[in-house]
Amino acid sequence: MFALLETPLLPSEALATFETRLNGAGGVVSFVGYVRPEAHGSDVTGLSLQAYSPLTETGIERAITEAETRWPLKAVSVLHRIGDMAPGDPIVFVATASAHRRPSFEAADFLMDYLKTDAVFWKKELTEKGARWIEPRAEDYQDRSRWDAQTGEPRKAPTHVRNQ
Amino acid sequence: MFALLETPLLPSEALATFETRLNGAGGVVSFVGYVRPEAHGSDVTGLSLQAYSPLTETGIERAITEAETRWPLKAVSVLHRIGDMAPGDPIVFVATASAHRRPSFEAADFLMDYLKTDAVFWKKELTEKGARWIEPRAEDYQDRSRWDAQTGEPRKAPTHVRNQ
Amino acid sequence: MAELLYFGRLTDVTGTGGEEVSLPSDVNDTSALRQWLEIERGWHGTLTDPSVRIAINDEIVPDPSEIANGDRIAFLPPVGGG
Amino acid sequence: MAELLYFGRLTDVTGTGGEEVSLPSDVNDTSALRQWLEIERGWHGTLTDPSVRIAINDEIVPDPSEIANGDRIAFLPPVGGG
């Protein structure tokens, strides 16, 4: 399942809900990302996340489908905040369930790499020194490219590029 | 932190507790392992986990220390059940917190590989067809050996072997 | 009229998240649109930056792709959530 | 007297998790102990199996390691939790 949330995300509740639909899974991996409290030596005062419907939703849904194709998953959950957040607030919750732990670890890792580099969001970080738009780091693109290398395929264009 | 639990493990509560001590971490990975409901075509009726104190505790504490040495972690939690469990019951909760997601993913993965192959537990699975002791699978030992290859060191003897 | 949408850091330059424009007849693809807005508005190359992708009617397209009045055309700087 | 402890699947053969034994004078290391118990009890190689490790006083040791009356000697089949 997937949802964009305009209200606070509660990871422990999200995990409890996820546990109700494990379908006999033996291993669950979850990732939670939080608004960092400090950036480049300045205190962060807030984070604002903008989405573009329906591109954001269709892109994430395609990434979930890709994960389900690559790994034998019994359940997947992606909850992502939009709007204004405070330092320490959860931004994203990803959970994956599988019979064994390795598919769960890899699928959660894959989904996070997708979310960090390809998901249609724009992030504005507010600090005591001013506002700054955050774009993916070089490491994020490198992490993302691991999944291309694995299939032996060249780096794909974003999945929502229209064929001409 | 680390604890062996003789009473039910509640992953969502464990995650909520873990969130209170993130120390400004930006990414938390958690793993939860559950008693599988089915094994080799038989319904599982229970799982019994035996530990050997203090070997079990000292081994896990050393693995946590090793994880903290390898990755810049802000918090680690390992909760492990002992005693009798029912199908679907959580067996283990591992959580790792770091500034970015990659150290959290790797450290949780590392700790689970340790727990699966080197942690001092014995697992007896009860099914409708009888009881069976479960030992690590070949994949578990392979997964564990990934962490040795990474450091370029030969496979280490268990960390609690006494030097002669 | 075409609907133009600006996201993320682009709004710091455009000052708005969206606007309606009447496309001149010779502005009939995405590359021409980027150039036309650059000249018209003097946005210091913000929209001609190749890292800024364009979506037509909610689908990301490569340059040059055909556009026409009636389209919803979104300018998307590098994305990333999580 | 030495305290012998059996864990995991070993208890299916030993029928007990632990016992007190008086070690004969020539049973003074872990290898000799494995052999002695094998002969005495007829446990079908259960304790001579090299995958079964031994801990003396709560520390895992390689074979042969010295043992003596007064030690707590644990037989550990392959471990694994999670």
# chains A, B, ... in the order shown; residues from 1 in each chain; ligands from 1
call {"tool": "select_by_dssp", "arguments": {"residues": "chain C", "states": "strand (DSSP E)", "output": "list in words"}}
result
Ala2, Glu3, Leu4, Leu5, Tyr6, Gly18, Glu19, Glu20, Val21, Arg53, Ile54, Ala55, Ile56, Glu59, Ile60, Val61, Arg72, Ile73, Ala74, Phe75 and Leu76 of chain C
call {"tool": "interface_residues", "arguments": {"of": "chain B", "to": "chain D", "cutoff": "10 Å", "atoms": "only C-alpha atoms", "output": "MDAnalysis selection string"}}
result
chainID B and resid 31:35 49:56 79:82 90:94 111:124 132:137 140 157:164
call {"tool": "select_by_dssp", "arguments": {"residues": "chain A", "states": "alpha helix (DSSP H)", "output": "PDB file with N, CA, C and O atoms, in the first residue's frame"}}
result
ATOM      1  N   PRO A  11       5.536   6.212  12.800  1.00  0.00           N
ATOM      2  CA  PRO A  11       6.156   4.951  12.367  1.00  0.00           C
ATOM      3  C   PRO A  11       5.714   3.745  13.185  1.00  0.00           C
ATOM      4  O   PRO A  11       5.498   2.670  12.629  1.00  0.00           O
ATOM      5  N   SER A  12       5.585   3.888  14.497  1.00  0.00           N
ATOM      6  CA  SER A  12       5.233   2.717  15.300  1.00  0.00           C
ATOM      7  C   SER A  12       3.816   2.247  14.968  1.00  0.00           C
ATOM      8  O   SER A  12       3.551   1.051  14.888  1.00  0.00           O
ATOM      9  N   GLU A  13       2.918   3.185  14.718  1.00  0.00           N
ATOM     10  CA  GLU A  13       1.562   2.792  14.297  1.00  0.00           C
ATOM     11  C   GLU A  13       1.583   2.186  12.907  1.00  0.00           C
ATOM     12  O   GLU A  13       0.857   1.230  12.617  1.00  0.00           O
ATOM     13  N   ALA A  14       2.432   2.759  12.039  1.00  0.00           N
ATOM     14  CA  ALA A  14       2.530   2.229  10.678  1.00  0.00           C
ATOM     15  C   ALA A  14       3.037   0.787  10.717  1.00  0.00           C
ATOM     16  O   ALA A  14       2.551  -0.078   9.982  1.00  0.00           O
ATOM     17  N   LEU A  15       4.000   0.510  11.608  1.00  0.00           N
ATOM     18  CA  LEU A  15       4.531  -0.852  11.723  1.00  0.00           C
ATOM     19  C   LEU A  15       3.468  -1.793  12.290  1.00  0.00           C
ATOM     20  O   LEU A  15       3.309  -2.928  11.819  1.00  0.00           O
ATOM     21  N   ALA A  16       2.723  -1.320  13.285  1.00  0.00           N
ATOM     22  CA  ALA A  16       1.661  -2.149  13.868  1.00  0.00           C
ATOM     23  C   ALA A  16       0.618  -2.492  12.806  1.00  0.00           C
ATOM     24  O   ALA A  16       0.156  -3.629  12.706  1.00  0.00           O
ATOM     25  N   THR A  17       0.255  -1.519  11.972  1.00  0.00           N
ATOM     26  CA  THR A  17      -0.711  -1.763  10.898  1.00  0.00           C
ATOM     27  C   THR A  17      -0.141  -2.752   9.884  1.00  0.00           C
ATOM     28  O   THR A  17      -0.826  -3.685   9.440  1.00  0.00           O
ATOM     29  N   PHE A  18       1.146  -2.542   9.554  1.00  0.00           N
ATOM     30  CA  PHE A  18       1.792  -3.425   8.580  1.00  0.00           C
ATOM     31  C   PHE A  18       1.791  -4.866   9.077  1.00  0.00           C
ATOM     32  O   PHE A  18       1.613  -5.811   8.295  1.00  0.00           O
ATOM     33  N   GLU A  19       1.987  -5.036  10.367  1.00  0.00           N
ATOM     34  CA  GLU A  19       2.029  -6.394  10.942  1.00  0.00           C
ATOM     35  C   GLU A  19       0.697  -7.145  10.804  1.00  0.00           C
ATOM     36  O   GLU A  19       0.683  -8.364  10.906  1.00  0.00           O
ATOM     37  N   LEU A  55       1.904  12.635 -10.824  1.00  0.00           N
ATOM     38  CA  LEU A  55       3.207  12.043 -11.151  1.00  0.00           C
ATOM     39  C   LEU A  55       3.837  11.370  -9.941  1.00  0.00           C
ATOM     40  O   LEU A  55       4.430  10.292 -10.049  1.00  0.00           O
ATOM     41  N   THR A  56       3.751  12.026  -8.791  1.00  0.00           N
ATOM     42  CA  THR A  56       4.363  11.474  -7.583  1.00  0.00           C
ATOM     43  C   THR A  56       3.778  10.098  -7.275  1.00  0.00           C
ATOM     44  O   THR A  56       4.524   9.134  -7.045  1.00  0.00           O
ATOM     45  N   GLU A  57       2.468  10.017  -7.309  1.00  0.00           N
ATOM     46  CA  GLU A  57       1.781   8.765  -6.978  1.00  0.00           C
ATOM     47  C   GLU A  57       2.074   7.662  -8.000  1.00  0.00           C
ATOM     48  O   GLU A  57       2.398   6.524  -7.624  1.00  0.00           O
ATOM     49  N   THR A  58       1.967   7.993  -9.283  1.00  0.00           N
ATOM     50  CA  THR A  58       2.168   6.935 -10.284  1.00  0.00           C
ATOM     51  C   THR A  58       3.617   6.457 -10.266  1.00  0.00           C
ATOM     52  O   THR A  58       3.880   5.259 -10.410  1.00  0.00           O
ATOM     53  N   GLY A  59       4.564   7.368 -10.033  1.00  0.00           N
ATOM     54  CA  GLY A  59       5.972   6.967  -9.973  1.00  0.00           C
ATOM     55  C   GLY A  59       6.229   6.016  -8.816  1.00  0.00           C
ATOM     56  O   GLY A  59       6.891   4.981  -8.976  1.00  0.00           O
ATOM     57  N   ILE A  60       5.710   6.329  -7.650  1.00  0.00           N
ATOM     58  CA  ILE A  60       5.930   5.469  -6.480  1.00  0.00           C
ATOM     59  C   ILE A  60       5.214   4.130  -6.671  1.00  0.00           C
ATOM     60  O   ILE A  60       5.763   3.076  -6.345  1.00  0.00           O
ATOM     61  N   GLU A  61       4.025   4.182  -7.227  1.00  0.00           N
ATOM     62  CA  GLU A  61       3.315   2.909  -7.469  1.00  0.00           C
ATOM     63  C   GLU A  61       4.081   2.015  -8.439  1.00  0.00           C
ATOM     64  O   GLU A  61       4.136   0.803  -8.259  1.00  0.00           O
ATOM     65  N   ARG A  62       4.713   2.630  -9.443  1.00  0.00           N
ATOM     66  CA  ARG A  62       5.511   1.821 -10.388  1.00  0.00           C
ATOM     67  C   ARG A  62       6.748   1.250  -9.690  1.00  0.00           C
ATOM     68  O   ARG A  62       7.162   0.134  -9.975  1.00  0.00           O
ATOM     69  N   ALA A  63       7.343   2.023  -8.793  1.00  0.00           N
ATOM     70  CA  ALA A  63       8.521   1.519  -8.058  1.00  0.00           C
ATOM     71  C   ALA A  63       8.122   0.330  -7.166  1.00  0.00           C
ATOM     72  O   ALA A  63       8.864  -0.648  -7.056  1.00  0.00           O
ATOM     73  N   ILE A  64       6.959   0.430  -6.538  1.00  0.00           N
ATOM     74  CA  ILE A  64       6.478  -0.689  -5.706  1.00  0.00           C
ATOM     75  C   ILE A  64       6.249  -1.926  -6.576  1.00  0.00           C
ATOM     76  O   ILE A  64       6.661  -3.035  -6.222  1.00  0.00           O
ATOM     77  N   THR A  65       5.643  -1.727  -7.731  1.00  0.00           N
ATOM     78  CA  THR A  65       5.421  -2.855  -8.653  1.00  0.00           C
ATOM     79  C   THR A  65       6.750  -3.455  -9.092  1.00  0.00           C
ATOM     80  O   THR A  65       6.895  -4.677  -9.167  1.00  0.00           O
ATOM     81  N   GLU A  66       7.743  -2.585  -9.348  1.00  0.00           N
ATOM     82  CA  GLU A  66       9.060  -3.102  -9.746  1.00  0.00           C
ATOM     83  C   GLU A  66       9.672  -3.934  -8.610  1.00  0.00           C
ATOM     84  O   GLU A  66      10.232  -4.999  -8.844  1.00  0.00           O
ATOM     85  N   ALA A  67       9.551  -3.442  -7.384  1.00  0.00           N
ATOM     86  CA  ALA A  67      10.070  -4.197  -6.229  1.00  0.00           C
ATOM     87  C   ALA A  67       9.368  -5.549  -6.114  1.00  0.00           C
ATOM     88  O   ALA A  67      10.000  -6.580  -5.867  1.00  0.00           O
ATOM     89  N   GLU A  68       8.067  -5.549  -6.317  1.00  0.00           N
ATOM     90  CA  GLU A  68       7.303  -6.805  -6.212  1.00  0.00           C
ATOM     91  C   GLU A  68       7.669  -7.779  -7.334  1.00  0.00           C
ATOM     92  O   GLU A  68       7.533  -8.988  -7.182  1.00  0.00           O
ATOM     93  N   THR A  69       8.129  -7.241  -8.461  1.00  0.00           N
ATOM     94  CA  THR A  69       8.563  -8.085  -9.574  1.00  0.00           C
ATOM     95  C   THR A  69       9.935  -8.678  -9.285  1.00  0.00           C
ATOM     96  O   THR A  69      10.215  -9.825  -9.579  1.00  0.00           O
ATOM     97  N   ARG A  70      10.796  -7.862  -8.689  1.00  0.00           N
ATOM     98  CA  ARG A  70      12.171  -8.312  -8.438  1.00  0.00           C
ATOM     99  C   ARG A  70      12.285  -9.277  -7.266  1.00  0.00           C
ATOM    100  O   ARG A  70      13.160 -10.122  -7.250  1.00  0.00           O
ATOM    101  N   ARG A 101      14.758 -12.997   5.171  1.00  0.00           N
ATOM    102  CA  ARG A 101      15.119 -11.603   5.401  1.00  0.00           C
ATOM    103  C   ARG A 101      15.750 -10.894   4.208  1.00  0.00           C
ATOM    104  O   ARG A 101      15.613  -9.693   4.061  1.00  0.00           O
ATOM    105  N   ARG A 102      16.491 -11.650   3.346  1.00  0.00           N
ATOM    106  CA  ARG A 102      17.255 -10.964   2.296  1.00  0.00           C
ATOM    107  C   ARG A 102      16.363 -10.192   1.315  1.00  0.00           C
ATOM    108  O   ARG A 102      16.630  -9.024   1.026  1.00  0.00           O
ATOM    109  N   PRO A 103      15.303 -10.798   0.797  1.00  0.00           N
ATOM    110  CA  PRO A 103      14.431 -10.028  -0.090  1.00  0.00           C
ATOM    111  C   PRO A 103      13.851  -8.794   0.599  1.00  0.00           C
ATOM    112  O   PRO A 103      13.716  -7.738  -0.023  1.00  0.00           O
ATOM    113  N   SER A 104      13.541  -8.916   1.885  1.00  0.00           N
ATOM    114  CA  SER A 104      12.984  -7.761   2.600  1.00  0.00           C
ATOM    115  C   SER A 104      14.015  -6.639   2.689  1.00  0.00           C
ATOM    116  O   SER A 104      13.697  -5.464   2.450  1.00  0.00           O
ATOM    117  N   PHE A 105      15.253  -6.983   3.037  1.00  0.00           N
ATOM    118  CA  PHE A 105      16.303  -5.963   3.117  1.00  0.00           C
ATOM    119  C   PHE A 105      16.527  -5.295   1.752  1.00  0.00           C
ATOM    120  O   PHE A 105      16.583  -4.070   1.647  1.00  0.00           O
ATOM    121  N   GLU A 106      16.656  -6.125   0.720  1.00  0.00           N
ATOM    122  CA  GLU A 106      16.973  -5.559  -0.598  1.00  0.00           C
ATOM    123  C   GLU A 106      15.840  -4.706  -1.142  1.00  0.00           C
ATOM    124  O   GLU A 106      16.081  -3.637  -1.702  1.00  0.00           O
ATOM    125  N   ALA A 107      14.616  -5.155  -0.961  1.00  0.00           N
ATOM    126  CA  ALA A 107      13.485  -4.401  -1.507  1.00  0.00           C
ATOM    127  C   ALA A 107      13.312  -3.065  -0.781  1.00  0.00           C
ATOM    128  O   ALA A 107      13.011  -2.040  -1.408  1.00  0.00           O
ATOM    129  N   ALA A 108      13.536  -3.043   0.528  1.00  0.00           N
ATOM    130  CA  ALA A 108      13.406  -1.779   1.270  1.00  0.00           C
ATOM    131  C   ALA A 108      14.508  -0.809   0.835  1.00  0.00           C
ATOM    132  O   ALA A 108      14.267   0.389   0.641  1.00  0.00           O
ATOM    133  N   ASP A 109      15.710  -1.351   0.662  1.00  0.00           N
ATOM    134  CA  ASP A 109      16.859  -0.570   0.216  1.00  0.00           C
ATOM    135  C   ASP A 109      16.593   0.021  -1.180  1.00  0.00           C
ATOM    136  O   ASP A 109      16.803   1.221  -1.434  1.00  0.00           O
ATOM    137  N   PHE A 110      16.090  -0.817  -2.076  1.00  0.00           N
ATOM    138  CA  PHE A 110      15.736  -0.410  -3.444  1.00  0.00           C
ATOM    139  C   PHE A 110      14.691   0.708  -3.424  1.00  0.00           C
ATOM    140  O   PHE A 110      14.833   1.727  -4.106  1.00  0.00           O
ATOM    141  N   LEU A 111      13.639   0.521  -2.637  1.00  0.00           N
ATOM    142  CA  LEU A 111      12.569   1.519  -2.604  1.00  0.00           C
ATOM    143  C   LEU A 111      13.081   2.858  -2.069  1.00  0.00           C
ATOM    144  O   LEU A 111      12.713   3.915  -2.560  1.00  0.00           O
ATOM    145  N   MET A 112      13.947   2.799  -1.053  1.00  0.00           N
ATOM    146  CA  MET A 112      14.496   4.050  -0.518  1.00  0.00           C
ATOM    147  C   MET A 112      15.376   4.737  -1.555  1.00  0.00           C
ATOM    148  O   MET A 112      15.348   5.967  -1.672  1.00  0.00           O
ATOM    149  N   ASP A 113      16.167   3.968  -2.294  1.00  0.00           N
ATOM    150  CA  ASP A 113      16.993   4.578  -3.342  1.00  0.00           C
ATOM    151  C   ASP A 113      16.115   5.234  -4.395  1.00  0.00           C
ATOM    152  O   ASP A 113      16.414   6.325  -4.882  1.00  0.00           O
ATOM    153  N   TYR A 114      15.011   4.573  -4.747  1.00  0.00           N
ATOM    154  CA  TYR A 114      14.066   5.181  -5.678  1.00  0.00           C
ATOM    155  C   TYR A 114      13.528   6.488  -5.100  1.00  0.00           C
ATOM    156  O   TYR A 114      13.528   7.538  -5.741  1.00  0.00           O
ATOM    157  N   LEU A 115      13.051   6.423  -3.864  1.00  0.00           N
ATOM    158  CA  LEU A 115      12.420   7.606  -3.260  1.00  0.00           C
ATOM    159  C   LEU A 115      13.390   8.776  -3.179  1.00  0.00           C
ATOM    160  O   LEU A 115      13.005   9.929  -3.378  1.00  0.00           O
ATOM    161  N   LYS A 116      14.651   8.483  -2.892  1.00  0.00           N
ATOM    162  CA  LYS A 116      15.637   9.558  -2.723  1.00  0.00           C
ATOM    163  C   LYS A 116      15.990  10.254  -4.034  1.00  0.00           C
ATOM    164  O   LYS A 116      16.340  11.430  -4.020  1.00  0.00           O
ATOM    165  N   THR A 117      15.955   9.525  -5.154  1.00  0.00           N
ATOM    166  CA  THR A 117      16.470  10.105  -6.402  1.00  0.00           C
ATOM    167  C   THR A 117      15.432  10.287  -7.490  1.00  0.00           C
ATOM    168  O   THR A 117      15.598  11.146  -8.351  1.00  0.00           O
ATOM    169  N   ALA A 138      25.363  12.969  -4.631  1.00  0.00           N
ATOM    170  CA  ALA A 138      26.012  12.043  -5.572  1.00  0.00           C
ATOM    171  C   ALA A 138      25.869  10.601  -5.078  1.00  0.00           C
ATOM    172  O   ALA A 138      25.622   9.676  -5.855  1.00  0.00           O
ATOM    173  N   GLU A 139      25.992  10.403  -3.760  1.00  0.00           N
ATOM    174  CA  GLU A 139      25.853   9.042  -3.201  1.00  0.00           C
ATOM    175  C   GLU A 139      24.467   8.462  -3.471  1.00  0.00           C
ATOM    176  O   GLU A 139      24.314   7.255  -3.626  1.00  0.00           O
ATOM    177  N   ASP A 140      23.461   9.345  -3.457  1.00  0.00           N
ATOM    178  CA  ASP A 140      22.107   8.849  -3.688  1.00  0.00           C
ATOM    179  C   ASP A 140      21.977   8.292  -5.109  1.00  0.00           C
ATOM    180  O   ASP A 140      21.383   7.240  -5.320  1.00  0.00           O
ATOM    181  N   TYR A 141      22.559   9.038  -6.086  1.00  0.00           N
ATOM    182  CA  TYR A 141      22.498   8.542  -7.466  1.00  0.00           C
ATOM    183  C   TYR A 141      23.324   7.266  -7.619  1.00  0.00           C
ATOM    184  O   TYR A 141      22.941   6.344  -8.329  1.00  0.00           O
ATOM    185  N   GLN A 142      24.469   7.210  -6.918  1.00  0.00           N
ATOM    186  CA  GLN A 142      25.288   5.985  -6.960  1.00  0.00           C
ATOM    187  C   GLN A 142      24.527   4.809  -6.367  1.00  0.00           C
ATOM    188  O   GLN A 142      24.530   3.710  -6.912  1.00  0.00           O
ATOM    189  N   ASP A 143      23.891   5.042  -5.220  1.00  0.00           N
ATOM    190  CA  ASP A 143      23.120   3.973  -4.582  1.00  0.00           C
ATOM    191  C   ASP A 143      22.034   3.480  -5.534  1.00  0.00           C
ATOM    192  O   ASP A 143      21.834   2.284  -5.706  1.00  0.00           O
ATOM    193  N   ARG A 144      21.365   4.425  -6.170  1.00  0.00           N
ATOM    194  CA  ARG A 144      20.278   4.078  -7.087  1.00  0.00           C
ATOM    195  C   ARG A 144      20.799   3.224  -8.238  1.00  0.00           C
ATOM    196  O   ARG A 144      20.123   2.286  -8.681  1.00  0.00           O
ATOM    197  N   SER A 145      22.005   3.532  -8.728  1.00  0.00           N
ATOM    198  CA  SER A 145      22.525   2.843  -9.913  1.00  0.00           C
ATOM    199  C   SER A 145      22.914   1.396  -9.613  1.00  0.00           C
ATOM    200  O   SER A 145      23.079   0.600 -10.534  1.00  0.00           O
ATOM    201  N   ARG A 146      23.035   1.046  -8.308  1.00  0.00           N
ATOM    202  CA  ARG A 146      23.342  -0.344  -7.974  1.00  0.00           C
ATOM    203  C   ARG A 146      22.309  -1.307  -8.543  1.00  0.00           C
ATOM    204  O   ARG A 146      22.600  -2.427  -8.903  1.00  0.00           O
ATOM    205  N   TRP A 147      21.064  -0.867  -8.580  1.00  0.00           N
ATOM    206  CA  TRP A 147      19.980  -1.757  -9.018  1.00  0.00           C
ATOM    207  C   TRP A 147      19.968  -1.922 -10.513  1.00  0.00           C
ATOM    208  O   TRP A 147      19.444  -2.915 -11.030  1.00  0.00           O
ATOM    209  N   ASP A 148      20.528  -0.976 -11.250  1.00  0.00           N
ATOM    210  CA  ASP A 148      20.651  -1.121 -12.695  1.00  0.00           C
ATOM    211  C   ASP A 148      21.761  -2.109 -12.991  1.00  0.00           C
ATOM    212  O   ASP A 148      21.610  -3.017 -13.781  1.00  0.00           O
ATOM    213  N   ALA A 149      22.907  -1.957 -12.340  1.00  0.00           N
ATOM    214  CA  ALA A 149      24.064  -2.816 -12.550  1.00  0.00           C
ATOM    215  C   ALA A 149      23.675  -4.271 -12.332  1.00  0.00           C
ATOM    216  O   ALA A 149      24.072  -5.160 -13.077  1.00  0.00           O
ATOM    217  N   GLN A 150      22.834  -4.487 -11.316  1.00  0.00           N
ATOM    218  CA  GLN A 150      22.461  -5.850 -10.952  1.00  0.00           C
ATOM    219  C   GLN A 150      21.751  -6.597 -12.088  1.00  0.00           C
ATOM    220  O   GLN A 150      21.936  -7.787 -12.267  1.00  0.00           O
ATOM    221  N   THR A 151      20.952  -5.880 -12.854  1.00  0.00           N
ATOM    222  CA  THR A 151      20.210  -6.539 -13.920  1.00  0.00           C
ATOM    223  C   THR A 151      21.019  -6.597 -15.203  1.00  0.00           C
ATOM    224  O   THR A 151      20.599  -7.212 -16.162  1.00  0.00           O
TER     225      THR A 151
END
call {"tool": "atom_distance", "arguments": {"atom1": "CA of Gly88 in chain A", "atom2": "CA of Leu73 in chain B"}}
result
16.6 Å
call {"tool": "residues_around", "arguments": {"residues": "Met1 in chain C", "least_positions_apart": "4", "cutoff": "8 Å", "atoms": "only C-alpha atoms", "output": "list of chain:residue names"}}
result
C:Glu20, C:Val21, C:Ser22, C:Leu23, C:Asn69, C:Gly70, C:Asp71
call {"tool": "residues_around", "arguments": {"residues": "Gly18 in chain C", "least_positions_apart": "3", "cutoff": "8 Å", "atoms": "only C-alpha atoms", "output": "ChimeraX atom specification"}}
result
/C:3-6
call {"tool": "write_last_selection", "arguments": {"atoms": "N, CA, C and O atoms", "output": "compact mmCIF listing (two decimals), in the first residue's frame"}}
result
# COMPACT_ATOMS: atom_id res chain seq x y z
N GLU C 3 -1.19 25.98 -19.70
CA GLU C 3 -0.95 26.16 -18.27
C GLU C 3 0.50 25.79 -17.98
O GLU C 3 0.93 24.67 -18.30
N LEU C 4 1.25 26.72 -17.42
CA LEU C 4 2.65 26.42 -17.05
C LEU C 4 2.72 26.23 -15.54
O LEU C 4 2.17 27.03 -14.78
N LEU C 5 3.43 25.17 -15.11
CA LEU C 5 3.60 24.91 -13.68
C LEU C 5 5.09 24.90 -13.34
O LEU C 5 5.90 24.35 -14.10
N TYR C 6 5.44 25.51 -12.23
CA TYR C 6 6.84 25.56 -11.80
C TYR C 6 6.95 24.91 -10.42
O TYR C 6 6.14 25.20 -9.53
